[in-house]
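Enquirer: Quick one: the structure is below, and I'll ask about it shortly.
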Amino acid sequence: MKFIAFEGLDGSGKSTLIQGTASELKTKGQAVVTTREPGGTPLGDEIRNLLLRTTGDAPVPRAELLLYGAARAQHVDRVIRPALQEKKWVLCDRYSASSVAFQAGGRTLQRESIDWLNDFATDRLRPDLWVLLDLSAEDAFRRMQGRTLDRFEREARDFHERVRAGYRALANEEPRNWLVLDARQSAAQLQTELIDELQTRGWWP
Ligand SMILES: Nc1ncnc2c1ncn2[C@@H]1O[C@H](COP(=O)(O)OP(=O)(O)OP(=O)(O)O)[C@@H](O)[C@H]1O
Ligand SMILES: [Mg+2]
């Protein structure tokens, strides 16, 4: 079993790739947990609503970061670590890299504060692999047309371009821990590239 975190802009194809990967693993007889941030627990889902709603008192950037941290700590202790202890695969839609990309890249908070908070919230649990679905803000917006946008999705184009740049910088810092996929490819191509990577690493069942 492995812990894989999927990252990228909203609309980049994370959910699609997670669903496909989970079903491939299940056909191989593997136990799989798919989960997401913010959320993944009852408390986390309540925090998710506070973070993504477009009504009420919007959190200032530091409050936003702390809410993510609280949801993440609950998620790690209640869902991710227990699943890994039970030898299950964990496919997680967003994890601590999202806080670096969105709160440092997007909101321009200090990177050191975010790194500290991420270590605290995750209790230093890191995924075995990060998968970045790399897509321009323009392409991501095009895919989201017609849906009701949450508080982040309503941010301007340049916010999302900074988030994308934040992700790419993180992947460049630790290239062996990141699989960067060109998210303009078809869902089937992306699925094949991910499975090829897992096979290369000797992780595919
Ligand atoms: N490789 C792809 N090429 C083109 N369109 C895609 C691809 N993967 C997913 N899509 C479509 O793009 C939209 C967003 O995909 P998806 O929901 O998987 O992305 P996401 O990263 O989970 O974003 P969000 O969580 O914001 O919905 C969906 O309409 C989906 O059908
Ligand atoms: Mg999704």
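Order determines the names: the first chain of the structure tokens is A, the second B, and so forth; residues in each chain are numbered 1 upward, and ligands are numbered 1 upward as they are shown.
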Could the residues that lie within 12 Å of ligand 1, counting only C-alpha atoms and all ligand atoms, be listed as a ChimeraX atom specification?

Expert: /A:6-20,35-38,52,92-94,131-135,137,139-154,181-193

Enquirer: Quick one: everything within 12 Å of Arg176 in chain A, counting only C-alpha atoms, minus sequence neighbours fewer than 6 positions away in the same chain. Send it as a ChimeraX atom specification.

Expert: /A:128-131,170,197,201

Enquirer: Could you write those residues out with all heavy atoms, as a PDB file, in the first residue's frame?

Expert:
```
ATOM      1  N   ASP A 128       3.942   8.963  -0.144  1.00  0.00           N
ATOM      2  CA  ASP A 128       5.017   8.268  -0.872  1.00  0.00           C
ATOM      3  C   ASP A 128       5.261   8.950  -2.218  1.00  0.00           C
ATOM      4  O   ASP A 128       6.372   8.919  -2.733  1.00  0.00           O
ATOM      5  CB  ASP A 128       4.628   6.809  -1.096  1.00  0.00           C
ATOM      6  CG  ASP A 128       4.485   6.078   0.225  1.00  0.00           C
ATOM      7  OD1 ASP A 128       5.517   5.887   0.890  1.00  0.00           O
ATOM      8  OD2 ASP A 128       3.341   5.729   0.610  1.00  0.00           O
ATOM      9  N   LEU A 129       4.209   9.523  -2.772  1.00  0.00           N
ATOM     10  CA  LEU A 129       4.329  10.196  -4.072  1.00  0.00           C
ATOM     11  C   LEU A 129       3.334  11.346  -4.143  1.00  0.00           C
ATOM     12  O   LEU A 129       2.193  11.214  -3.696  1.00  0.00           O
ATOM     13  CB  LEU A 129       4.031   9.194  -5.209  1.00  0.00           C
ATOM     14  CG  LEU A 129       4.136   9.742  -6.641  1.00  0.00           C
ATOM     15  CD1 LEU A 129       5.583  10.096  -6.994  1.00  0.00           C
ATOM     16  CD2 LEU A 129       3.579   8.741  -7.658  1.00  0.00           C
ATOM     17  N   TRP A 130       3.813  12.451  -4.712  1.00  0.00           N
ATOM     18  CA  TRP A 130       2.936  13.574  -5.061  1.00  0.00           C
ATOM     19  C   TRP A 130       2.680  13.499  -6.555  1.00  0.00           C
ATOM     20  O   TRP A 130       3.636  13.312  -7.330  1.00  0.00           O
ATOM     21  CB  TRP A 130       3.629  14.910  -4.799  1.00  0.00           C
ATOM     22  CG  TRP A 130       3.970  15.243  -3.380  1.00  0.00           C
ATOM     23  CD1 TRP A 130       5.185  15.086  -2.775  1.00  0.00           C
ATOM     24  CD2 TRP A 130       3.109  15.836  -2.397  1.00  0.00           C
ATOM     25  NE1 TRP A 130       5.127  15.541  -1.476  1.00  0.00           N
ATOM     26  CE2 TRP A 130       3.864  16.001  -1.220  1.00  0.00           C
ATOM     27  CE3 TRP A 130       1.774  16.241  -2.407  1.00  0.00           C
ATOM     28  CZ2 TRP A 130       3.341  16.562  -0.060  1.00  0.00           C
ATOM     29  CZ3 TRP A 130       1.245  16.801  -1.249  1.00  0.00           C
ATOM     30  CH2 TRP A 130       2.015  16.958  -0.098  1.00  0.00           C
ATOM     31  N   VAL A 131       1.439  13.678  -6.959  1.00  0.00           N
ATOM     32  CA  VAL A 131       1.111  13.748  -8.384  1.00  0.00           C
ATOM     33  C   VAL A 131       0.573  15.149  -8.658  1.00  0.00           C
ATOM     34  O   VAL A 131      -0.422  15.565  -8.058  1.00  0.00           O
ATOM     35  CB  VAL A 131       0.050  12.694  -8.771  1.00  0.00           C
ATOM     36  CG1 VAL A 131      -0.335  12.838 -10.232  1.00  0.00           C
ATOM     37  CG2 VAL A 131       0.572  11.283  -8.473  1.00  0.00           C
ATOM     38  N   LEU A 170       7.522  23.643  -5.988  1.00  0.00           N
ATOM     39  CA  LEU A 170       7.628  22.541  -5.021  1.00  0.00           C
ATOM     40  C   LEU A 170       8.129  21.265  -5.701  1.00  0.00           C
ATOM     41  O   LEU A 170       8.986  20.563  -5.169  1.00  0.00           O
ATOM     42  CB  LEU A 170       6.246  22.245  -4.427  1.00  0.00           C
ATOM     43  CG  LEU A 170       5.846  22.933  -3.152  1.00  0.00           C
ATOM     44  CD1 LEU A 170       4.454  22.447  -2.743  1.00  0.00           C
ATOM     45  CD2 LEU A 170       6.837  22.644  -2.044  1.00  0.00           C
ATOM     46  N   GLU A 197       4.402   4.966 -13.897  1.00  0.00           N
ATOM     47  CA  GLU A 197       5.296   5.445 -12.840  1.00  0.00           C
ATOM     48  C   GLU A 197       5.279   4.488 -11.636  1.00  0.00           C
ATOM     49  O   GLU A 197       6.326   4.169 -11.068  1.00  0.00           O
ATOM     50  CB  GLU A 197       4.874   6.853 -12.397  1.00  0.00           C
ATOM     51  CG  GLU A 197       5.657   7.429 -11.238  1.00  0.00           C
ATOM     52  CD  GLU A 197       7.083   7.835 -11.594  1.00  0.00           C
ATOM     53  OE1 GLU A 197       7.359   8.042 -12.799  1.00  0.00           O
ATOM     54  OE2 GLU A 197       7.908   7.943 -10.664  1.00  0.00           O
ATOM     55  N   ARG A 201       8.384   2.244 -10.167  1.00  0.00           N
ATOM     56  CA  ARG A 201       8.820   2.282  -8.769  1.00  0.00           C
ATOM     57  C   ARG A 201       8.658   0.937  -8.076  1.00  0.00           C
ATOM     58  O   ARG A 201       8.998   0.814  -6.891  1.00  0.00           O
ATOM     59  CB  ARG A 201       8.018   3.357  -8.015  1.00  0.00           C
ATOM     60  CG  ARG A 201       8.413   4.767  -8.408  1.00  0.00           C
ATOM     61  CD  ARG A 201       7.500   5.806  -7.779  1.00  0.00           C
ATOM     62  NE  ARG A 201       7.901   7.147  -8.191  1.00  0.00           N
ATOM     63  CZ  ARG A 201       8.535   8.024  -7.400  1.00  0.00           C
ATOM     64  NH1 ARG A 201       8.818   7.709  -6.158  1.00  0.00           N
ATOM     65  NH2 ARG A 201       8.884   9.195  -7.866  1.00  0.00           N
TER      66      ARG A 201
END
```

Enquirer: Residues within 8 Å of Ala71 in chain A, please, as a list in words. Count only C-alpha atoms; anything in the same chain fewer than 6 positions from it doesn't count.

Expert: Glu37, Pro38, Gly39, Leu43, Gly44, Ile47 and Arg48 of chain A

Enquirer: Which value, in Å to one decimal, gives the distance between CA of Pro127 in chain A and CA of Trp178 in chain A?

Expert: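 If I compute the distance from CA of Pro127 in chain A to CA of Trp178 in chain A, I get 10.0 Å.
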
Enquirer: Just want the 8 Å neighbourhood of Thr41 in chain A, counted on only C-alpha atoms, with same-chain residues fewer than 3 positions away dropped. Output as a ChimeraX atom specification.

Expert: /A:44-45,74-75,78-79

Enquirer: Can I get the selected residues back with C-alpha atoms, as a tab-separated table (two decimals), in the first residue's frame?

Expert:
```
chain	number	residue	atom	x	y	z
A	44	GLY	CA	-13.10	18.50	8.32
A	45	ASP	CA	-16.25	18.75	6.21
A	74	GLN	CA	-8.03	15.64	12.05
A	75	HIS	CA	-7.74	13.95	8.65
A	78	ARG	CA	-8.63	9.86	11.97
A	79	VAL	CA	-8.37	8.67	8.36
```
